[in-house]
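The next block is my_file34.cif, given as mmCIF, N, CA, C and O atoms.
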data_structure
#
loop_
_atom_site.label_atom_id
_atom_site.label_comp_id
_atom_site.auth_asym_id
_atom_site.auth_seq_id
_atom_site.Cartn_x
_atom_site.Cartn_y
_atom_site.Cartn_z
N MET A 1 76.36 69.71 36.77
CA MET A 1 75.19 68.88 36.95
C MET A 1 74.95 68.12 35.65
O MET A 1 75.20 68.62 34.57
N LYS A 2 74.45 66.90 35.76
CA LYS A 2 74.23 66.07 34.59
C LYS A 2 73.35 66.81 33.59
O LYS A 2 72.32 67.36 33.94
N GLY A 3 73.80 66.84 32.34
CA GLY A 3 73.03 67.50 31.29
C GLY A 3 73.56 68.87 30.93
O GLY A 3 73.22 69.41 29.88
N ASP A 4 74.41 69.47 31.79
CA ASP A 4 75.02 70.74 31.43
C ASP A 4 75.84 70.53 30.17
O ASP A 4 76.49 69.50 29.99
N ARG A 5 75.81 71.52 29.28
CA ARG A 5 76.56 71.37 28.04
C ARG A 5 77.15 72.70 27.62
O ARG A 5 76.63 73.77 27.95
N VAL A 6 78.26 72.62 26.89
CA VAL A 6 78.90 73.79 26.31
C VAL A 6 79.14 73.49 24.84
O VAL A 6 79.70 72.45 24.49
N GLU A 7 78.68 74.39 23.99
CA GLU A 7 78.92 74.27 22.55
C GLU A 7 80.03 75.24 22.17
O GLU A 7 80.01 76.40 22.57
N ILE A 8 80.97 74.76 21.36
CA ILE A 8 82.09 75.59 20.91
C ILE A 8 82.05 75.61 19.38
O ILE A 8 82.08 74.55 18.74
N VAL A 9 81.97 76.80 18.81
CA VAL A 9 81.99 76.96 17.36
C VAL A 9 83.37 77.48 16.98
O VAL A 9 83.81 78.52 17.48
N VAL A 10 84.05 76.73 16.10
CA VAL A 10 85.44 77.02 15.76
C VAL A 10 85.57 77.29 14.27
O VAL A 10 84.95 76.60 13.45
N ASP A 11 86.39 78.27 13.91
CA ASP A 11 86.70 78.57 12.52
C ASP A 11 87.69 77.52 12.03
O ASP A 11 88.78 77.38 12.56
N ALA A 12 87.30 76.76 11.01
CA ALA A 12 88.15 75.70 10.48
C ALA A 12 88.62 76.04 9.07
O ALA A 12 88.67 75.18 8.19
N GLY A 13 88.96 77.29 8.83
CA GLY A 13 89.43 77.70 7.52
C GLY A 13 88.28 78.12 6.64
O GLY A 13 87.79 79.23 6.71
N ASP A 14 87.82 77.22 5.77
CA ASP A 14 86.75 77.56 4.84
C ASP A 14 85.36 77.28 5.41
O ASP A 14 84.36 77.60 4.78
N THR A 15 85.27 76.70 6.59
CA THR A 15 83.98 76.36 7.20
C THR A 15 84.08 76.51 8.72
O THR A 15 85.13 76.87 9.23
N THR A 16 82.98 76.25 9.38
CA THR A 16 83.01 76.25 10.84
C THR A 16 82.68 74.84 11.33
O THR A 16 81.98 74.08 10.67
N ARG A 17 83.20 74.52 12.50
CA ARG A 17 82.91 73.24 13.13
C ARG A 17 82.35 73.49 14.52
O ARG A 17 82.79 74.42 15.20
N THR A 18 81.41 72.66 14.91
CA THR A 18 80.78 72.79 16.22
C THR A 18 81.14 71.58 17.06
O THR A 18 80.96 70.44 16.61
N TYR A 19 81.64 71.84 18.25
CA TYR A 19 81.97 70.78 19.20
C TYR A 19 81.09 70.96 20.43
O TYR A 19 80.65 72.06 20.74
N GLU A 20 80.84 69.87 21.13
CA GLU A 20 79.97 69.90 22.29
C GLU A 20 80.59 69.09 23.42
O GLU A 20 81.03 67.95 23.20
N VAL A 21 80.66 69.68 24.61
CA VAL A 21 81.11 68.96 25.79
C VAL A 21 79.92 68.90 26.74
O VAL A 21 79.33 69.92 27.07
N VAL A 22 79.56 67.68 27.17
CA VAL A 22 78.37 67.46 27.98
C VAL A 22 78.76 66.76 29.27
O VAL A 22 79.58 65.86 29.27
N ALA A 23 78.16 67.20 30.39
CA ALA A 23 78.31 66.49 31.65
C ALA A 23 77.43 65.26 31.58
O ALA A 23 76.21 65.35 31.70
N GLY A 24 78.03 64.10 31.36
CA GLY A 24 77.27 62.91 31.04
C GLY A 24 76.73 62.12 32.21
O GLY A 24 75.79 61.36 32.06
N ARG A 25 77.31 62.29 33.38
CA ARG A 25 76.87 61.49 34.53
C ARG A 25 76.46 62.40 35.66
O ARG A 25 76.82 63.57 35.71
N ALA A 26 75.72 61.85 36.60
CA ALA A 26 75.25 62.62 37.75
C ALA A 26 76.45 63.11 38.57
O ALA A 26 77.42 62.38 38.76
N GLY A 27 76.37 64.36 39.02
CA GLY A 27 77.43 64.93 39.84
C GLY A 27 78.56 65.57 39.07
O GLY A 27 79.47 66.12 39.67
N ARG A 28 78.52 65.51 37.76
CA ARG A 28 79.57 66.14 36.97
C ARG A 28 79.11 67.49 36.46
O ARG A 28 77.93 67.75 36.31
N ARG A 29 80.07 68.35 36.19
CA ARG A 29 79.77 69.68 35.67
C ARG A 29 80.77 70.00 34.56
O ARG A 29 81.78 69.33 34.41
N VAL A 30 80.48 71.05 33.82
CA VAL A 30 81.36 71.49 32.73
C VAL A 30 81.91 72.86 33.11
O VAL A 30 81.17 73.76 33.48
N GLU A 31 83.24 72.99 33.04
CA GLU A 31 83.90 74.26 33.37
C GLU A 31 84.65 74.76 32.14
O GLU A 31 85.20 73.98 31.38
N THR A 32 84.68 76.09 31.99
CA THR A 32 85.43 76.71 30.89
C THR A 32 86.51 77.61 31.46
O THR A 32 86.34 78.21 32.52
N ALA A 33 87.61 77.71 30.74
CA ALA A 33 88.71 78.58 31.16
C ALA A 33 89.44 79.07 29.90
O ALA A 33 89.57 78.34 28.92
N VAL A 34 89.89 80.32 29.96
CA VAL A 34 90.69 80.88 28.89
C VAL A 34 92.04 81.22 29.48
O VAL A 34 92.15 82.07 30.38
N ARG A 35 93.09 80.55 29.01
CA ARG A 35 94.44 80.75 29.54
C ARG A 35 95.44 80.81 28.40
O ARG A 35 95.46 79.91 27.56
N ARG A 36 96.23 81.84 28.38
CA ARG A 36 97.36 81.98 27.44
C ARG A 36 96.97 81.70 25.99
O ARG A 36 97.66 81.00 25.27
N GLY A 37 95.83 82.22 25.58
CA GLY A 37 95.41 82.08 24.20
C GLY A 37 94.78 80.73 23.87
O GLY A 37 94.62 80.39 22.71
N VAL A 38 94.42 79.96 24.90
CA VAL A 38 93.80 78.66 24.70
C VAL A 38 92.50 78.61 25.49
O VAL A 38 92.45 78.98 26.66
N VAL A 39 91.43 78.15 24.84
CA VAL A 39 90.15 77.95 25.51
C VAL A 39 90.07 76.49 25.91
O VAL A 39 90.23 75.61 25.06
N GLU A 40 89.86 76.23 27.20
CA GLU A 40 89.74 74.86 27.70
C GLU A 40 88.33 74.65 28.23
O GLU A 40 87.85 75.43 29.03
N VAL A 41 87.69 73.58 27.79
CA VAL A 41 86.37 73.19 28.29
C VAL A 41 86.54 71.79 28.87
O VAL A 41 86.94 70.87 28.16
N SER A 42 86.25 71.64 30.18
CA SER A 42 86.51 70.39 30.87
C SER A 42 85.26 69.86 31.55
O SER A 42 84.47 70.62 32.10
N GLU A 43 85.12 68.54 31.55
CA GLU A 43 84.09 67.87 32.35
C GLU A 43 84.76 67.47 33.65
O GLU A 43 85.81 66.81 33.65
N VAL A 44 84.17 67.88 34.78
CA VAL A 44 84.80 67.74 36.08
C VAL A 44 83.87 66.98 37.02
O VAL A 44 82.65 67.19 37.02
N THR A 45 84.44 66.10 37.85
CA THR A 45 83.66 65.37 38.85
C THR A 45 83.43 66.24 40.08
O THR A 45 83.94 67.34 40.16
N ARG A 46 82.69 65.69 41.05
CA ARG A 46 82.40 66.44 42.27
C ARG A 46 83.65 66.82 43.04
O ARG A 46 83.74 67.89 43.62
N ASN A 47 84.65 65.91 43.07
CA ASN A 47 85.86 66.24 43.83
C ASN A 47 86.88 67.04 43.03
O ASN A 47 87.94 67.33 43.54
N GLY A 48 86.56 67.41 41.81
CA GLY A 48 87.45 68.27 41.04
C GLY A 48 88.36 67.55 40.07
O GLY A 48 89.21 68.16 39.43
N THR A 49 88.20 66.24 39.94
CA THR A 49 89.01 65.48 39.00
C THR A 49 88.50 65.73 37.59
O THR A 49 87.31 65.59 37.31
N ILE A 50 89.42 66.06 36.70
CA ILE A 50 89.05 66.33 35.31
C ILE A 50 88.91 65.00 34.57
O ILE A 50 89.83 64.18 34.56
N VAL A 51 87.74 64.80 33.96
CA VAL A 51 87.48 63.56 33.24
C VAL A 51 87.98 63.68 31.80
O VAL A 51 88.66 62.80 31.30
N ARG A 52 87.64 64.79 31.14
CA ARG A 52 88.13 65.04 29.79
C ARG A 52 88.17 66.53 29.53
O ARG A 52 87.45 67.30 30.15
N THR A 53 89.04 66.91 28.60
CA THR A 53 89.24 68.32 28.29
C THR A 53 89.29 68.51 26.79
O THR A 53 89.91 67.71 26.08
N ALA A 54 88.65 69.57 26.31
CA ALA A 54 88.74 69.97 24.91
C ALA A 54 89.47 71.30 24.89
O ALA A 54 89.14 72.21 25.65
N ARG A 55 90.49 71.42 24.04
CA ARG A 55 91.29 72.65 23.96
C ARG A 55 91.23 73.21 22.54
O ARG A 55 91.35 72.47 21.56
N PHE A 56 91.07 74.54 22.47
CA PHE A 56 90.98 75.23 21.19
C PHE A 56 91.80 76.50 21.26
O PHE A 56 91.89 77.14 22.31
N MET A 57 92.39 76.90 20.12
CA MET A 57 93.09 78.18 20.06
C MET A 57 92.05 79.29 20.16
O MET A 57 91.05 79.29 19.45
N ALA A 58 92.30 80.24 21.05
CA ALA A 58 91.30 81.28 21.33
C ALA A 58 91.00 82.13 20.10
O ALA A 58 89.87 82.57 19.92
N ASN A 59 91.99 82.38 19.24
CA ASN A 59 91.73 83.22 18.07
C ASN A 59 90.92 82.49 17.00
O ASN A 59 90.45 83.11 16.04
N ARG A 60 90.69 81.18 17.14
CA ARG A 60 89.86 80.42 16.21
C ARG A 60 88.44 80.19 16.73
O ARG A 60 87.57 79.77 15.98
N VAL A 61 88.20 80.45 18.01
CA VAL A 61 86.87 80.23 18.60
C VAL A 61 85.96 81.38 18.21
O VAL A 61 86.25 82.55 18.48
N LEU A 62 84.84 81.06 17.56
CA LEU A 62 83.87 82.07 17.15
C LEU A 62 82.79 82.28 18.21
O LEU A 62 82.33 83.39 18.42
N ALA A 63 82.38 81.19 18.86
CA ALA A 63 81.32 81.27 19.87
C ALA A 63 81.54 80.18 20.91
O ALA A 63 81.98 79.08 20.60
N LEU A 64 81.19 80.54 22.14
CA LEU A 64 81.24 79.60 23.26
C LEU A 64 79.90 79.74 23.98
O LEU A 64 79.65 80.76 24.61
N VAL A 65 79.03 78.74 23.84
CA VAL A 65 77.67 78.84 24.35
C VAL A 65 77.50 77.85 25.50
O VAL A 65 77.60 76.64 25.29
N GLU A 66 77.24 78.38 26.70
CA GLU A 66 76.99 77.53 27.85
C GLU A 66 75.49 77.33 27.98
O GLU A 66 74.73 78.29 28.00
N GLN A 67 75.07 76.07 28.09
CA GLN A 67 73.65 75.75 28.19
C GLN A 67 73.42 74.91 29.44
O GLN A 67 73.47 73.68 29.39
N PRO A 68 73.18 75.57 30.58
CA PRO A 68 72.94 74.80 31.81
C PRO A 68 71.57 74.15 31.81
O PRO A 68 70.65 74.63 31.17
N VAL A 69 71.45 73.07 32.55
CA VAL A 69 70.16 72.40 32.71
C VAL A 69 69.31 73.25 33.64
O VAL A 69 69.80 73.74 34.66
N PRO A 70 68.04 73.48 33.32
CA PRO A 70 67.19 74.24 34.24
C PRO A 70 67.10 73.54 35.59
O PRO A 70 66.79 72.36 35.66
N ARG A 71 67.40 74.26 36.65
CA ARG A 71 67.39 73.68 37.98
C ARG A 71 66.11 74.08 38.70
O ARG A 71 65.61 75.18 38.52
N THR A 72 65.60 73.20 39.52
CA THR A 72 64.43 73.52 40.32
C THR A 72 64.91 74.06 41.65
O THR A 72 65.73 73.45 42.32
N ASP A 73 64.40 75.21 42.03
CA ASP A 73 64.80 75.86 43.27
C ASP A 73 63.61 75.83 44.22
O ASP A 73 62.55 76.36 43.92
N ASN A 74 63.79 75.24 45.38
CA ASN A 74 62.70 75.11 46.34
C ASN A 74 62.27 76.46 46.92
O ASN A 74 61.18 76.59 47.43
N SER A 75 63.14 77.47 46.86
CA SER A 75 62.79 78.77 47.44
C SER A 75 61.73 79.49 46.62
O SER A 75 61.10 80.42 47.10
N GLU A 76 61.51 79.09 45.37
CA GLU A 76 60.52 79.75 44.53
C GLU A 76 59.13 79.16 44.67
O GLU A 76 58.18 79.68 44.14
N LYS A 77 59.01 78.06 45.37
CA LYS A 77 57.69 77.46 45.54
C LYS A 77 56.87 78.31 46.50
O LYS A 77 57.38 78.80 47.50
N PRO A 78 55.59 78.49 46.19
CA PRO A 78 54.77 79.31 47.08
C PRO A 78 54.56 78.61 48.42
O PRO A 78 54.32 77.42 48.48
N THR A 79 54.69 79.40 49.47
CA THR A 79 54.44 78.88 50.81
C THR A 79 53.31 79.68 51.43
O THR A 79 53.08 80.83 51.09
N GLY A 80 52.59 79.09 52.31
CA GLY A 80 51.50 79.79 52.96
C GLY A 80 50.17 79.46 52.32
O GLY A 80 50.04 78.55 51.51
N THR A 81 49.17 80.25 52.66
CA THR A 81 47.81 79.96 52.23
C THR A 81 47.41 80.68 50.95
O THR A 81 46.35 80.41 50.42
N GLY A 82 48.21 81.62 50.48
CA GLY A 82 47.87 82.34 49.27
C GLY A 82 47.09 83.62 49.52
O GLY A 82 46.74 84.33 48.60
N ARG A 83 46.79 83.95 50.75
CA ARG A 83 46.08 85.20 51.06
C ARG A 83 47.11 86.30 51.33
O ARG A 83 48.26 86.02 51.63
N PRO A 84 46.75 87.55 51.22
CA PRO A 84 47.71 88.64 51.44
C PRO A 84 48.20 88.66 52.89
O PRO A 84 47.54 88.18 53.80
N LEU A 85 49.39 89.24 53.05
CA LEU A 85 50.00 89.29 54.37
C LEU A 85 49.25 90.24 55.30
O LEU A 85 49.19 90.03 56.49
N ARG A 86 48.72 91.32 54.76
CA ARG A 86 47.94 92.25 55.60
C ARG A 86 46.78 92.79 54.77
O ARG A 86 46.78 92.70 53.54
N GLU A 87 45.84 93.36 55.45
CA GLU A 87 44.65 93.89 54.77
C GLU A 87 44.98 95.19 54.06
O GLU A 87 45.90 95.93 54.42
N ASP A 88 44.22 95.48 53.01
CA ASP A 88 44.37 96.72 52.27
C ASP A 88 43.88 97.88 53.15
O ASP A 88 42.75 97.86 53.62
N PRO A 89 44.70 98.90 53.40
CA PRO A 89 44.31 99.97 54.31
C PRO A 89 43.15 100.83 53.81
O PRO A 89 42.51 101.54 54.59
N GLU A 90 42.82 100.79 52.51
CA GLU A 90 41.76 101.63 51.97
C GLU A 90 40.37 101.04 52.17
O GLU A 90 39.39 101.67 51.88
N THR A 91 40.24 99.81 52.63
CA THR A 91 38.91 99.21 52.78
C THR A 91 38.36 99.42 54.15
O THR A 91 38.95 99.73 55.11
#

Would you give me this structure, written as structure tokens?
Amino acid sequence: MKGDRVEIVVDAGDTTRTYEVVAGRAGRRVETAVRRGVVEVSEVTRNGTIVRTARFMANRVLALVEQPVPRTDNSEKPTGTGRPLREDPET
């Protein structure tokens, strides 16, 4: 989803470097994969086409932080009148 981002912190010898992959357009998402000692972070379209990929050696990656965009879920909205479903039996 647009706005999803992944931050990758990499050991660059005497310092660390931070890279960021962001889903820049509507309908795109960011996927991560670890294969054969390589960390791949890709921006992917709705149909699965990879737009761009960042690859890092897994033994150099210090942190991989996924930061999804907060999504609004319609199931959490209150429905009904706000009164209890049944009466309290003690009254």

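Considering only N, CA, C and O atoms, the residue among A:Ala63, A:Val10, A:Val44, A:Ala54 positioned nearest to A:Ala23 is A:Val44.
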
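The space separating atom C of A:Thr16 from atom N of A:Val61 comes to 10.3 Å.
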
**Q.** the PyMOL selection byres ((chain A and resi 31) around 8) resolved against shown file, as a PyMOL selection string
**A.** chain A and resi 6+21+28-30+32-34+39-44+52-54

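Against this structure, the PyMOL selection byres ((chain A and resi 9) around 7) ends up with A:Glu7, A:Ile8, A:Val10, A:Asp11, A:Thr16, A:Arg17, A:Thr18, A:Tyr19, A:Arg60, A:Val61, A:Leu62, A:Ala63, A:Leu64, A:Val65.
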
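Interatomic distance, atom C of A:Val51 to atom N of A:Gly13: 26.7 Å.
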
Would you mind completing stretch 31-42 of chain A so that it carries all heavy atoms, and writing it out as a PDB file, in the coordinates of the input?
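Saved as selection_31.pdb:
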ATOM      1  N   GLU A  31      83.240  72.990  33.040  1.00  0.00           N
ATOM      2  CA  GLU A  31      83.900  74.260  33.370  1.00  0.00           C
ATOM      3  C   GLU A  31      84.650  74.760  32.140  1.00  0.00           C
ATOM      4  O   GLU A  31      85.200  73.980  31.380  1.00  0.00           O
ATOM      5  CB  GLU A  31      84.883  74.068  34.520  1.00  0.00           C
ATOM      6  CG  GLU A  31      84.224  73.735  35.829  1.00  0.00           C
ATOM      7  CD  GLU A  31      85.224  73.628  36.971  1.00  0.00           C
ATOM      8  OE1 GLU A  31      86.449  73.649  36.715  1.00  0.00           O
ATOM      9  OE2 GLU A  31      84.771  73.529  38.112  1.00  0.00           O
ATOM     10  N   THR A  32      84.680  76.090  31.990  1.00  0.00           N
ATOM     11  CA  THR A  32      85.430  76.710  30.890  1.00  0.00           C
ATOM     12  C   THR A  32      86.510  77.610  31.460  1.00  0.00           C
ATOM     13  O   THR A  32      86.340  78.210  32.520  1.00  0.00           O
ATOM     14  CB  THR A  32      84.499  77.539  29.992  1.00  0.00           C
ATOM     15  OG1 THR A  32      83.886  78.546  30.778  1.00  0.00           O
ATOM     16  CG2 THR A  32      83.435  76.681  29.355  1.00  0.00           C
ATOM     17  N   ALA A  33      87.610  77.710  30.740  1.00  0.00           N
ATOM     18  CA  ALA A  33      88.710  78.580  31.160  1.00  0.00           C
ATOM     19  C   ALA A  33      89.440  79.070  29.900  1.00  0.00           C
ATOM     20  O   ALA A  33      89.570  78.340  28.920  1.00  0.00           O
ATOM     21  CB  ALA A  33      89.680  77.827  32.057  1.00  0.00           C
ATOM     22  N   VAL A  34      89.890  80.320  29.960  1.00  0.00           N
ATOM     23  CA  VAL A  34      90.690  80.880  28.890  1.00  0.00           C
ATOM     24  C   VAL A  34      92.040  81.220  29.480  1.00  0.00           C
ATOM     25  O   VAL A  34      92.150  82.070  30.380  1.00  0.00           O
ATOM     26  CB  VAL A  34      90.035  82.140  28.275  1.00  0.00           C
ATOM     27  CG1 VAL A  34      90.898  82.691  27.162  1.00  0.00           C
ATOM     28  CG2 VAL A  34      88.644  81.819  27.783  1.00  0.00           C
ATOM     29  N   ARG A  35      93.090  80.550  29.010  1.00  0.00           N
ATOM     30  CA  ARG A  35      94.440  80.750  29.540  1.00  0.00           C
ATOM     31  C   ARG A  35      95.440  80.810  28.400  1.00  0.00           C
ATOM     32  O   ARG A  35      95.460  79.910  27.560  1.00  0.00           O
ATOM     33  CB  ARG A  35      94.836  79.583  30.452  1.00  0.00           C
ATOM     34  CG  ARG A  35      93.994  79.451  31.667  1.00  0.00           C
ATOM     35  CD  ARG A  35      94.559  78.347  32.556  1.00  0.00           C
ATOM     36  NE  ARG A  35      93.620  78.066  33.613  1.00  0.00           N
ATOM     37  CZ  ARG A  35      92.964  76.934  33.752  1.00  0.00           C
ATOM     38  NH1 ARG A  35      93.168  75.941  32.908  1.00  0.00           N
ATOM     39  NH2 ARG A  35      92.125  76.770  34.742  1.00  0.00           N
ATOM     40  N   ARG A  36      96.230  81.840  28.380  1.00  0.00           N
ATOM     41  CA  ARG A  36      97.360  81.980  27.440  1.00  0.00           C
ATOM     42  C   ARG A  36      96.970  81.700  25.990  1.00  0.00           C
ATOM     43  O   ARG A  36      97.660  81.000  25.270  1.00  0.00           O
ATOM     44  CB  ARG A  36      98.494  81.057  27.847  1.00  0.00           C
ATOM     45  CG  ARG A  36      99.009  81.322  29.202  1.00  0.00           C
ATOM     46  CD  ARG A  36     100.111  80.371  29.548  1.00  0.00           C
ATOM     47  NE  ARG A  36     101.288  81.139  29.917  1.00  0.00           N
ATOM     48  CZ  ARG A  36     102.490  80.666  29.917  1.00  0.00           C
ATOM     49  NH1 ARG A  36     102.726  79.432  29.551  1.00  0.00           N
ATOM     50  NH2 ARG A  36     103.504  81.428  30.278  1.00  0.00           N
ATOM     51  N   GLY A  37      95.830  82.220  25.580  1.00  0.00           N
ATOM     52  CA  GLY A  37      95.410  82.080  24.200  1.00  0.00           C
ATOM     53  C   GLY A  37      94.780  80.730  23.870  1.00  0.00           C
ATOM     54  O   GLY A  37      94.620  80.390  22.710  1.00  0.00           O
ATOM     55  N   VAL A  38      94.420  79.960  24.900  1.00  0.00           N
ATOM     56  CA  VAL A  38      93.800  78.660  24.700  1.00  0.00           C
ATOM     57  C   VAL A  38      92.500  78.610  25.490  1.00  0.00           C
ATOM     58  O   VAL A  38      92.450  78.980  26.660  1.00  0.00           O
ATOM     59  CB  VAL A  38      94.737  77.519  25.167  1.00  0.00           C
ATOM     60  CG1 VAL A  38      94.048  76.171  25.054  1.00  0.00           C
ATOM     61  CG2 VAL A  38      96.016  77.524  24.366  1.00  0.00           C
ATOM     62  N   VAL A  39      91.430  78.150  24.840  1.00  0.00           N
ATOM     63  CA  VAL A  39      90.150  77.950  25.510  1.00  0.00           C
ATOM     64  C   VAL A  39      90.070  76.490  25.910  1.00  0.00           C
ATOM     65  O   VAL A  39      90.230  75.610  25.060  1.00  0.00           O
ATOM     66  CB  VAL A  39      88.966  78.324  24.584  1.00  0.00           C
ATOM     67  CG1 VAL A  39      87.641  78.011  25.246  1.00  0.00           C
ATOM     68  CG2 VAL A  39      89.043  79.784  24.191  1.00  0.00           C
ATOM     69  N   GLU A  40      89.860  76.230  27.200  1.00  0.00           N
ATOM     70  CA  GLU A  40      89.740  74.860  27.700  1.00  0.00           C
ATOM     71  C   GLU A  40      88.330  74.650  28.230  1.00  0.00           C
ATOM     72  O   GLU A  40      87.850  75.430  29.030  1.00  0.00           O
ATOM     73  CB  GLU A  40      90.729  74.589  28.826  1.00  0.00           C
ATOM     74  CG  GLU A  40      92.161  74.539  28.394  1.00  0.00           C
ATOM     75  CD  GLU A  40      93.090  74.181  29.537  1.00  0.00           C
ATOM     76  OE1 GLU A  40      92.626  74.071  30.692  1.00  0.00           O
ATOM     77  OE2 GLU A  40      94.278  74.017  29.266  1.00  0.00           O
ATOM     78  N   VAL A  41      87.690  73.580  27.790  1.00  0.00           N
ATOM     79  CA  VAL A  41      86.370  73.190  28.290  1.00  0.00           C
ATOM     80  C   VAL A  41      86.540  71.790  28.870  1.00  0.00           C
ATOM     81  O   VAL A  41      86.940  70.870  28.160  1.00  0.00           O
ATOM     82  CB  VAL A  41      85.309  73.200  27.172  1.00  0.00           C
ATOM     83  CG1 VAL A  41      83.949  72.847  27.712  1.00  0.00           C
ATOM     84  CG2 VAL A  41      85.276  74.562  26.493  1.00  0.00           C
ATOM     85  N   SER A  42      86.250  71.640  30.180  1.00  0.00           N
ATOM     86  CA  SER A  42      86.510  70.390  30.870  1.00  0.00           C
ATOM     87  C   SER A  42      85.260  69.860  31.550  1.00  0.00           C
ATOM     88  O   SER A  42      84.470  70.620  32.100  1.00  0.00           O
ATOM     89  CB  SER A  42      87.589  70.574  31.932  1.00  0.00           C
ATOM     90  OG  SER A  42      88.765  71.081  31.367  1.00  0.00           O
TER      91      SER A  42
END
